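Chemist: Structure file work_30.cif, mmCIF, C-alpha atoms, is pasted below:
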data_my_file
#
loop_
_atom_site.label_atom_id
_atom_site.label_comp_id
_atom_site.auth_asym_id
_atom_site.auth_seq_id
_atom_site.Cartn_x
_atom_site.Cartn_y
_atom_site.Cartn_z
CA MET A 761 186.11 114.81 175.87
CA GLN A 762 187.26 117.24 173.22
CA THR A 763 188.69 120.63 174.14
CA GLU A 764 186.40 123.58 174.74
CA LYS A 765 185.10 125.59 171.81
CA GLU A 766 184.73 129.33 172.11
CA ILE A 767 181.64 130.67 170.39
CA ASN A 768 181.17 134.32 169.50
CA TYR A 769 178.47 136.29 167.78
CA ARG A 770 180.30 136.47 164.49
CA MET A 771 180.33 132.71 164.02
CA SER A 772 178.50 130.91 161.29
CA VAL A 773 177.56 127.28 161.71
CA GLU A 774 180.67 126.28 159.75
CA ASP A 775 182.83 128.36 162.09
CA ILE A 776 181.36 126.53 165.05
CA LEU A 777 181.85 123.13 163.46
CA GLU A 778 185.48 123.88 162.65
CA GLY A 779 187.83 121.57 164.51
CA LEU A 780 185.13 119.04 165.33
CA LEU A 781 186.98 115.81 166.01
CA PRO A 782 185.88 112.38 164.78
CA PHE A 783 182.82 111.29 166.70
CA LYS A 784 183.15 108.73 169.49
CA PRO A 785 180.23 106.97 171.16
CA ILE A 786 178.82 109.06 173.98
CA ALA A 787 176.71 108.53 177.07
CA TYR A 788 175.53 111.54 179.05
CA TYR A 789 172.77 112.91 181.22
CA ASP A 790 170.43 115.47 179.63
CA LYS A 791 169.24 117.45 182.63
CA HIS A 792 166.69 119.45 180.62
CA LEU A 793 164.75 116.32 179.75
CA ASP A 794 165.88 114.17 182.68
CA ALA A 795 167.20 111.49 180.34
CA ILE A 796 170.34 109.44 179.86
CA ARG A 797 171.33 109.50 176.22
CA VAL A 798 173.61 107.06 174.43
CA GLN A 799 174.57 107.78 170.82
CA ILE A 800 177.07 105.91 168.69
CA LEU A 801 177.04 107.96 165.50
CA ASP A 802 176.87 111.65 164.64
CA CYS A 803 173.97 111.60 162.23
CA SER A 804 170.44 112.85 161.80
CA ILE A 805 168.23 110.62 163.91
CA TRP A 806 164.58 109.81 164.33
CA GLU A 807 163.40 108.77 167.74
CA GLU A 808 161.04 105.87 168.30
CA ARG A 809 159.25 105.99 171.63
CA LEU A 810 159.15 102.39 172.85
CA ASP A 811 157.44 103.14 176.15
CA ARG A 812 157.49 105.69 178.96
CA ILE A 813 161.07 104.73 179.87
CA MET A 814 162.84 103.74 176.67
CA THR A 815 163.33 105.50 173.35
CA VAL A 816 165.49 104.17 170.55
CA TYR A 817 167.36 106.27 167.95
CA HIS A 818 167.43 105.33 164.28
CA ALA A 819 169.62 106.84 161.57
CA ASN A 820 167.50 108.88 159.19
CA HIS A 821 169.65 108.29 156.20
CA HIS A 822 170.21 104.57 155.88
CA LEU A 823 173.65 103.37 156.74
CA ASN A 824 173.44 100.10 154.92
CA PRO A 825 172.45 99.44 151.34
CA ASN A 826 169.50 97.26 152.32
CA GLY A 827 167.69 100.26 153.67
CA ILE A 828 167.08 98.65 157.01
CA ASP A 829 166.69 101.12 159.85
CA ASP A 830 169.87 101.31 161.83
CA ILE A 831 169.77 101.79 165.58
CA VAL A 832 172.34 104.40 166.59
CA GLY A 833 171.43 105.00 170.21
CA PHE A 834 168.79 105.17 172.89
CA SER A 835 167.59 107.18 175.82
CA ILE A 836 166.37 106.24 179.27
CA LYS A 837 163.72 108.77 180.30
CA GLY A 838 162.57 110.02 183.68
CA VAL A 839 165.88 109.03 185.18
CA ARG A 840 165.47 110.67 188.58
CA TYR A 841 162.12 109.01 189.12
CA LEU A 842 163.49 105.73 187.86
CA LEU A 843 166.46 105.79 190.21
CA ARG A 844 164.15 106.46 193.11
CA GLU A 845 161.91 103.54 192.10
CA LEU A 846 164.93 101.29 191.84
CA GLY A 847 166.39 102.46 195.14
CA ILE A 848 169.57 103.79 193.53
CA LYS A 849 170.99 106.82 195.33
CA THR A 850 172.29 109.69 193.21
CA ASP A 851 174.22 111.45 195.94
CA GLU A 852 176.83 108.74 196.12
CA GLY A 853 178.55 109.71 192.87
CA PRO A 854 178.22 108.57 189.27
CA ILE A 855 176.01 105.59 188.45
CA GLN A 856 177.11 102.69 186.30
CA LEU A 857 175.01 102.56 183.16
CA ALA A 858 175.27 98.78 182.82
CA ASN A 859 174.03 98.31 186.39
CA LEU A 860 171.16 100.69 185.81
CA LEU A 861 170.12 98.81 182.68
CA ASP A 862 170.28 95.50 184.56
CA GLU A 863 168.08 96.88 187.32
CA VAL A 864 165.59 98.29 184.83
CA ALA A 865 165.50 94.94 183.03
CA LYS A 866 164.74 93.13 186.29
CA ARG A 867 162.00 95.55 187.34
CA TYR A 868 160.51 96.11 183.87
CA PRO A 869 161.21 92.99 181.80
CA ALA A 870 159.57 94.45 178.71
CA LYS A 871 160.55 93.77 175.13
CA SER A 872 161.75 97.38 174.84
CA THR A 873 164.11 96.98 177.80
CA LYS A 874 165.54 93.75 176.38
CA LEU A 875 166.16 95.49 173.04
CA ILE A 876 168.08 98.31 174.71
CA VAL A 877 170.07 96.00 177.00
CA GLU A 878 171.07 93.86 174.03
CA PHE A 879 172.05 96.94 172.02
CA TYR A 880 174.14 98.25 174.91
CA ARG A 881 175.92 94.93 175.41
CA ASN A 882 177.13 95.04 171.83
CA LEU A 883 178.34 98.63 171.95
CA SER A 884 181.98 99.53 171.76
CA PHE A 885 183.04 102.67 173.56
CA SER A 886 186.41 104.04 172.66
CA ASP A 887 188.31 104.00 175.89
CA LYS A 888 186.34 101.94 178.43
CA PRO A 889 184.53 98.64 178.58
CA ASN A 890 180.76 99.08 178.63
CA GLN A 891 180.62 97.84 182.21
CA GLU A 892 182.69 100.83 183.34
CA ILE A 893 180.67 103.58 181.67
CA THR A 894 179.31 105.88 184.35
CA ILE A 895 176.87 108.77 184.27
CA ASN A 896 177.05 111.74 186.61
CA LEU A 897 173.65 113.32 187.11
CA LEU A 898 175.08 116.30 188.92
CA ASP A 899 177.18 117.91 186.25
CA GLU A 900 175.71 116.65 182.99
CA CYS A 901 179.12 115.34 182.07
CA MET A 902 179.98 113.11 179.18
CA ALA A 903 180.88 109.63 180.27
CA ALA A 904 182.61 108.15 177.30
CA MET B 797 172.31 144.56 180.22
CA THR B 798 170.95 143.66 176.82
CA GLU B 799 173.13 144.14 173.79
CA LYS B 800 171.55 143.51 170.40
CA LEU B 801 173.88 141.72 168.00
CA GLU B 802 173.49 140.50 164.50
CA PRO B 803 170.85 137.80 164.37
CA PRO B 804 170.61 135.06 165.37
CA TYR B 805 172.63 135.93 168.49
CA LEU B 806 171.78 137.93 171.57
CA TYR B 807 174.07 138.92 174.39
CA LEU B 808 172.12 138.91 177.64
CA ASN B 809 173.21 139.22 181.21
CA GLY B 810 176.80 138.38 180.34
CA ASN B 811 175.95 135.31 178.27
CA LEU B 812 175.79 134.72 174.55
CA LEU B 813 172.64 133.03 173.24
CA LEU B 814 171.53 131.74 169.89
CA VAL B 815 167.89 132.66 169.38
CA ALA B 816 165.08 131.62 167.08
CA ASP B 817 161.78 133.33 166.52
CA GLY B 818 158.73 131.17 167.02
CA LEU B 819 155.07 131.42 167.84
CA LEU B 820 154.26 131.60 171.52
CA PRO B 821 151.78 129.02 172.77
CA PRO B 822 148.44 130.82 172.38
CA ASN B 823 146.63 132.14 175.40
CA GLY B 824 142.91 131.53 175.08
CA ASP B 825 141.42 132.72 171.82
CA ASP B 826 144.12 135.28 171.18
CA LYS B 827 146.12 134.96 168.00
CA PRO B 828 149.56 133.52 168.74
CA LYS B 829 152.29 136.10 169.03
CA VAL B 830 155.91 135.79 167.98
CA GLY B 831 158.39 135.14 170.76
CA LYS B 832 162.08 134.40 171.16
CA PHE B 833 163.46 130.99 172.03
CA GLY B 834 167.08 130.63 172.99
CA ILE B 835 169.92 128.30 173.76
CA LEU B 836 173.00 129.35 175.69
CA ALA B 837 176.34 129.23 173.89
CA LYS B 838 177.60 126.98 176.66
CA ASP B 839 174.95 124.42 175.73
CA ILE B 840 176.02 124.58 172.08
CA ARG B 841 179.58 124.04 173.30
CA ALA B 842 178.40 120.87 175.05
CA TYR B 843 177.10 119.53 171.71
CA TRP B 844 180.45 120.44 170.12
CA SER B 845 182.39 118.73 172.90
CA ARG B 846 180.38 115.58 172.40
CA GLY B 847 181.06 115.71 168.66
CA GLN B 848 177.38 116.16 167.74
CA GLY B 849 177.94 118.21 164.61
CA VAL B 850 174.69 117.21 162.95
CA SER B 851 172.66 118.44 165.92
CA ILE B 852 174.48 121.78 165.72
CA ALA B 853 173.82 121.97 161.98
CA GLN B 854 170.11 121.22 162.57
CA LEU B 855 170.00 123.94 165.19
CA TYR B 856 171.32 126.58 162.79
CA GLU B 857 169.69 125.37 159.58
CA LEU B 858 166.33 123.97 160.68
CA ILE B 859 165.46 125.66 163.98
CA VAL B 860 166.76 129.23 163.72
CA PRO B 861 165.12 129.92 160.36
CA GLY B 862 162.30 127.40 160.72
CA LEU B 863 160.86 127.34 164.22
CA ILE B 864 158.52 130.15 163.20
CA LEU B 865 157.11 127.83 160.52
CA SER B 866 156.00 125.17 163.02
CA ARG B 867 152.66 123.65 162.10
CA HIS B 868 151.62 122.42 165.54
CA ILE B 869 152.34 123.21 169.17
CA PHE B 870 151.66 120.55 171.82
CA GLN B 871 152.06 120.64 175.58
CA GLY B 872 152.98 117.97 178.12
CA LEU B 873 155.16 114.94 177.46
CA LYS B 874 153.17 112.45 179.58
CA ARG B 875 156.17 110.89 181.24
CA ASN B 876 158.16 111.27 184.43
CA LEU B 877 160.45 114.27 184.16
CA PHE B 878 162.25 116.10 186.92
CA ASP B 879 163.40 119.50 185.63
CA ASP B 880 164.31 122.84 187.15
CA ASP B 881 163.58 121.41 190.60
CA LYS B 882 160.02 120.64 189.55
CA LYS B 883 158.70 117.09 189.75
CA ASP B 884 156.08 117.70 187.06
CA GLY B 885 158.57 119.00 184.50
CA ASP B 886 156.87 117.03 181.74
CA THR B 887 153.69 119.10 181.93
CA LEU B 888 155.63 122.29 181.27
CA LYS B 889 157.30 121.20 178.04
CA PHE B 890 156.10 122.40 174.67
CA VAL B 891 156.61 120.44 171.47
CA TYR B 892 156.79 122.25 168.12
CA SER B 893 156.47 120.13 164.99
CA ARG B 894 156.68 120.63 161.24
CA THR B 895 157.95 118.94 158.10
CA PRO B 896 160.91 120.89 156.72
CA SER B 897 161.65 120.42 153.06
CA PHE B 898 165.19 119.25 153.81
CA ASP B 899 167.45 117.80 156.50
CA VAL B 900 171.16 118.47 157.03
CA SER B 901 174.33 116.48 157.36
CA VAL B 902 177.93 117.47 157.99
CA ASP B 903 180.76 116.64 155.61
CA LYS B 904 183.77 116.14 157.89
CA LYS B 905 186.29 114.99 155.31
CA ASN B 906 188.33 118.08 156.12
CA PRO B 907 187.91 118.72 159.88
CA ASN B 908 189.31 122.22 159.46
CA ASN B 909 186.68 123.05 156.90
CA PRO B 910 183.50 121.13 157.72
CA ARG B 911 180.59 121.73 155.40
CA VAL B 912 176.90 121.58 156.15
CA ILE B 913 175.10 119.69 153.43
CA LYS B 914 171.41 119.83 152.69
CA VAL B 915 169.93 116.37 152.19
CA ASP B 916 166.44 115.10 151.50
CA ALA B 917 164.06 115.27 154.42
CA PRO B 918 163.42 111.78 155.78
CA LYS B 919 160.25 110.27 154.38
CA ASP B 920 157.14 110.24 156.59
CA LYS B 921 158.92 111.97 159.46
CA VAL B 922 158.36 115.29 161.21
CA PHE B 923 160.93 117.50 162.89
CA VAL B 924 160.18 118.27 166.53
CA VAL B 925 161.68 120.78 168.93
CA ILE B 926 161.08 120.42 172.67
CA ILE B 927 160.96 123.75 174.47
CA SER B 928 160.84 124.77 178.12
CA PRO B 929 159.06 128.00 179.01
CA ASN B 930 161.38 130.58 180.50
CA ASN B 931 159.75 130.86 183.90
CA ARG B 932 162.56 130.48 186.36
CA HIS B 933 165.18 132.59 184.58
CA ARG B 934 162.94 135.40 183.33
CA ALA B 935 164.72 138.01 185.44
CA GLU B 936 168.11 137.23 183.90
CA TYR B 937 166.80 136.73 180.37
CA PRO B 938 163.68 138.90 180.09
CA VAL B 939 163.34 138.76 176.31
CA ILE B 940 163.63 134.97 176.14
CA ASP B 941 160.28 133.21 176.14
CA GLY B 942 161.54 129.65 176.08
CA TRP B 943 164.58 127.40 175.92
CA LEU B 944 165.46 125.05 173.06
CA ASP B 945 165.94 121.76 174.90
CA ARG B 946 166.02 119.04 172.25
CA TRP B 947 165.37 118.46 168.56
CA ASN B 948 165.06 115.39 166.36
CA TRP B 949 162.81 113.70 163.85
CA VAL B 950 159.98 111.31 164.68
CA GLU B 951 157.47 109.39 162.61
CA GLN B 952 154.54 111.36 161.26
CA ASP B 953 151.05 110.69 162.57
CA PHE B 954 148.74 108.83 160.20
CA GLY B 955 145.83 111.17 160.82
CA LEU B 956 147.34 114.60 161.33
CA GLN B 957 149.86 115.96 158.84
CA GLU B 958 153.08 117.37 160.33
CA ALA B 959 152.29 115.99 163.80
CA PRO B 960 154.29 113.30 165.62
CA ILE B 961 152.89 109.79 165.51
CA ASN B 962 150.35 109.00 168.24
CA TRP B 963 150.35 112.61 169.36
CA VAL B 964 147.08 112.06 171.20
CA ASP B 965 148.77 109.54 173.49
CA ARG B 966 152.18 111.22 173.64
CA TYR B 967 151.14 114.71 174.68
CA GLU B 968 148.61 116.17 177.07
CA LYS B 969 147.06 118.56 174.60
CA LYS B 970 147.40 120.27 171.26
CA LEU B 971 147.56 124.03 171.72
CA PHE B 972 147.80 125.30 168.19
CA THR B 973 147.67 124.29 164.56
CA ARG B 974 148.57 126.66 161.78
CA SER B 975 145.75 126.72 159.28
#
Rewrite the coordinates I just gave you, this time as structure tokens.

Modeler:
Amino acid sequence: MQTEKEINYRMSVEDILEGLLPFKPIAYYDKHLDAIRVQILDCSIWEERLDRIMTVYHANHHLNPNGIDDIVGFSIKGVRYLLRELGIKTDEGPIQLANLLDEVAKRYPAKSTKLIVEFYRNLSFSDKPNQEITINLLDECMAA
Amino acid sequence: MTEKLEPPYLYLNGNLLLVADGLLPPNGDDKPKVGKFGILAKDIRAYWSRGQGVSIAQLYELIVPGLILSRHIFQGLKRNLFDDDKKDGDTLKFVYSRTPSFDVSVDKKNPNNPRVIKVDAPKDKVFVVIISPNNRHRAEYPVIDGWLDRWNWVEQDFGLQEAPINWVDRYEKKLFTRS
């Protein structure tokens, strides 16, 4: 994680962005929308709702010259409900994202789930193998 | 204590907030009134810490000046959502949508002098902001009507201009459309 940024009332958006380090893939829990979010690029995104659990992120401004929509992340929605359905306890510390995806794929073998699992398998986080990426639902921390 | 600062900031109850004006979800047949929607500086810091510069740029360039221009307001996300200790958190969320004339990007070639760049708005997409009503924290933040939870683009509906695709299925109800 990058160092903390102090924000004061005199700051413009450029002031706030000053010192922003090169983006690294992230995985974190969004407590406001009860969703796990994975994003691999800092760009403007459009979200495609695949179903009630999975949403995929596309880059708005095409990354490749063919103009094909690029997937740059995904979210798993309704995480607290989902964990309960899957019998995964949240009070025993951070959950492994790869394990969660495997469990979701077993319980809901939908095309959307397969797409997300495949995307996640091919991801490259900066400092950890994908299998070791964990999400802490208690403190909304960044995992990678 | 409430200390009024230069817009778009407010200092409330010991915390700095970025605020945007927007229409309040209408109550009955009354005309919608203008309210204030905020995000705590600590939440902006979280975006910064994750390196999400474009989201920060969208917050300042599309939401602060543009939330008031929203074309539609919807309520209810129709999905499981546990928020603020409430199991039915999805029913409480509001979705504001519009089609801004531009989008933003961040030029990071010089990290000490990043620049926000206006770019073309993505074709056939609408910009949505998900908002939580300020129910639980009204005592600490009395002038804040709602919280800016999330913002991004989605595909535009085929039948209703400036509305998210399949809005009938995605949301519980449409509360307001600017004529």

Chemist: Define the interface residues of chain A facing chain B as those within 7 Å, counting all atoms listed in the file, and report them as a PyMOL selection string.

Modeler: chain A and resi 761-765+767+769+773-774+777-781+783+786+791-794+802-808+812+820+838+840-841

Chemist: Please list as a PyMOL selection string every residue within 12 Å of A:Leu810, counting only C-alpha atoms and excluding residues in the same chain fewer than 6 positions away.

Modeler: (chain A and resi 816-817+834-837+870-876) or (chain B and resi 962+966)

Chemist: Specify as a PyMOL selection string each residue included when the PyMOL selection byres ((chain B and resi 893) around 8) is applied to this file.

Modeler: chain B and resi 866-869+891-892+894-895+922-925+958-960

Chemist: If the PyMOL selection byres ((chain A and resi 799) around 7) is run on the structure shown, which residues does it catch, given as a list in words?

Modeler: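 Taken on the displayed file, the PyMOL selection byres ((chain A and resi 799) around 7) yields the residues Pro785, Ile786, Ala787, Arg797, Val798, Ile800, Leu801, Val832, Gly833 and Phe834 of chain A.
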
Chemist: Rank B:Pro896, B:Asp965, B:Gly824, B:Asp920 by their smallest atom-to-atom distance to B:Gln952, using all atoms listed in the file, and report the top residue only.

Modeler: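 Smallest distance to B:Gln952 is found for B:Asp920.
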
Chemist: Using all atoms listed in the file, which of B:Asp884, B:Lys829, B:Asn931, B:Ser975 sits nearest B:Gln957?

Modeler: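 Residue with the minimum atom-to-atom distance to B:Gln957: B:Ser975.
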
Chemist: At what distance in Å, to one decimal, does atom CA of B:Val860 lie from atom CA of B:Gly834?

Modeler: 9.4 Å

Chemist: Using Å and a single decimal, report how far atom CA of B:Ile835 sits from atom CA of A:Met814.

Modeler: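 Between atom CA of A:Met814 and atom CA of B:Ile835 the gap works out to 25.7 Å.
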
Chemist: Suppose you want the space between atom CA of A:Tyr788 and atom CA of A:Asn896; what is it in Å?

Modeler: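 Interatomic distance, atom CA of A:Tyr788 to atom CA of A:Asn896: 7.7 Å.
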
Chemist: Can you list, as a list in words, every protein, DNA or RNA residue that comes within 10 Å of A:Asp851 when you count only C-alpha atoms, leaving out same-chain residues fewer than 2 positions away?

Modeler: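 So, after excluding close chain neighbours, the residues are Ile848, Lys849, Gly853, Pro854, Ile855, Asn896, Leu897 and Leu898 of chain A.
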
Chemist: Using only C-alpha atoms, which residue out of A:Pro782, A:Glu766, A:Asp830, A:Tyr868 lies closest to B:Asp903?

Modeler: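 Smallest separation from B:Asp903 among the options: A:Pro782.
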
Chemist: Given only C-alpha atoms as the basis, pick out the residue of A:Leu860, A:Lys888, A:Arg770, A:Arg809 nearest to B:Trp963.

Modeler: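 Among the listed residues, the smallest separation from B:Trp963 belongs to A:Arg809.
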